[in-house]
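K.L.:
Below you'll find the structure I mean.
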Amino acid sequence: MPIAYPTDPDCIFCKIVAGDIPCHKLYEDDLVLAMLDIGPIAPGHTLLIPKGHYPSLTDVPPDTAAALGRALPLLGQAVCKATDTDNFNVLQNNGRPAGQAVFHVHFHVIPRTADDARTTPPAGSPGTGLPFDWPATELDPDAATTLAERIRSAL
């Protein structure tokens, strides 16, 4: 019996899952689909999506979340082998302020090399890596105790 997925007729990823828009499919099982990103920031940039339409990671059912989790290491290994690197980022955004542009859960698997660019390439140039800045601060022990309790209570 086929799985009935929630869909959004206006969602590009739902259209890809339905076969209405082509993709360079890399991996597929009953719950997830992986494809090359059409706007890569590095060669091999891959997207992993659930077949069902879930706008945020918090909307994803446990069985689908497990399928995403099983596929990510396989994709990371395959992308690295195909691009001759041992390094990759996994990126997943939830909500517009977090950088989400397509509101269907998706994971980016982005291969990295020691010499890829750490800054944004000029407009119109091919992707050369993932620019990022990790502005780490120091954890305040008192605030951490309170915050950890609030998070544990929310679980």
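To be explicit about the labels: the chains of the structure tokens are called A, B, and onward in the order shown, and within each one the residues are counted from 1, while ligands get numbers from 1 in the order they are shown.
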DSSP on the backbone, helix (DSSP H, G or I) only: what residues of region 20-127 of chain A does that give? Format it as an NGL selection string.

P.N.:
:A and (57-59 or 62-83 or 96-98)

K.L.:
Which residues come within 8 Å of region 38-54 of chain A, counting only C-alpha atoms, excluding same-chain residues fewer than 2 positions away, as a CSV table (one decimal) with C-alpha atoms, in the first residue's frame?

P.N.:
```csv
chain,number,residue,atom,x,y,z
A,5,TYR,CA,2.2,12.0,2.3
A,6,PRO,CA,1.0,15.5,3.2
A,7,THR,CA,1.7,17.8,0.2
A,8,ASP,CA,1.6,21.4,-0.7
A,13,PHE,CA,10.0,20.0,-3.4
A,14,CYS,CA,6.5,18.5,-3.3
A,17,VAL,CA,8.6,14.3,-5.2
A,30,ASP,CA,9.9,5.2,1.0
A,31,LEU,CA,10.2,8.4,3.1
A,32,VAL,CA,13.1,10.5,1.8
A,33,LEU,CA,14.7,11.7,-1.5
A,34,ALA,CA,18.1,13.1,-2.1
A,35,MET,CA,19.1,15.2,-5.2
A,36,LEU,CA,21.7,17.6,-6.4
A,56,SER,CA,9.8,22.7,9.9
A,57,LEU,CA,12.0,20.0,11.5
A,59,ASP,CA,6.8,19.0,12.2
A,60,VAL,CA,8.5,15.8,10.9
A,64,THR,CA,10.6,10.2,8.8
A,68,LEU,CA,16.5,11.4,7.3
A,72,LEU,CA,22.6,11.7,6.0
A,79,VAL,CA,29.4,13.0,-1.7
A,82,ALA,CA,32.5,11.6,-5.5
A,83,THR,CA,34.1,15.0,-4.9
A,103,PHE,CA,9.4,25.9,3.7
A,104,HIS,CA,9.7,22.2,3.2
A,105,VAL,CA,12.3,20.6,5.5
A,106,HIS,CA,15.6,20.0,3.7
A,107,PHE,CA,19.2,19.2,4.7
A,108,HIS,CA,22.1,20.5,2.7
A,109,VAL,CA,25.1,18.2,2.4
A,110,ILE,CA,28.0,20.4,1.3
A,111,PRO,CA,31.4,19.0,0.5
A,112,ARG,CA,34.3,21.1,1.8
A,126,PRO,CA,30.2,29.5,-9.6
A,127,GLY,CA,29.9,28.3,-6.0
A,128,THR,CA,33.2,27.9,-4.2
A,129,GLY,CA,32.2,26.7,-0.8
A,130,LEU,CA,30.1,27.7,2.2
```

K.L.:
Kindly give the distance, in Å, that separates CA of Leu75 (chain A) and CA of Gln92 (chain A), rounded to a single decimal.

P.N.:
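According to the coordinates, CA of Leu75 (chain A) and CA of Gln92 (chain A) are separated by 14.6 Å.
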
K.L.:
Please indicate the distance in Å from CA of Tyr27 (chain A) to CA of Asp84 (chain A), rounded to one decimal place.

P.N.:
19.2 Å

K.L.:
Write down as a list of chain:residue names the residues belonging to chain A that are assigned strand (DSSP E) by DSSP computed on the backbone.

P.N.:
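Residues meeting the strand (DSSP E) criterion: A:Lys25, A:Leu26, A:Tyr27, A:Glu28, A:Val32, A:Leu33, A:Ala34, A:Met35, A:Leu36, A:Thr46, A:Leu47, A:Leu48, A:Ile49, A:Pro50, A:Asn87, A:Phe88, A:Asn89, A:Val90, A:Leu91, A:Phe107, A:His108, A:Val109, A:Ile110, A:Pro111, A:Arg112.
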
K.L.:
Between CA of Leu147 (chain A) and CA of Ala66 (chain A), what distance in Å does the model show, to one decimal?

P.N.:
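Between CA of Leu147 (chain A) and CA of Ala66 (chain A) the gap is 27.3 Å.
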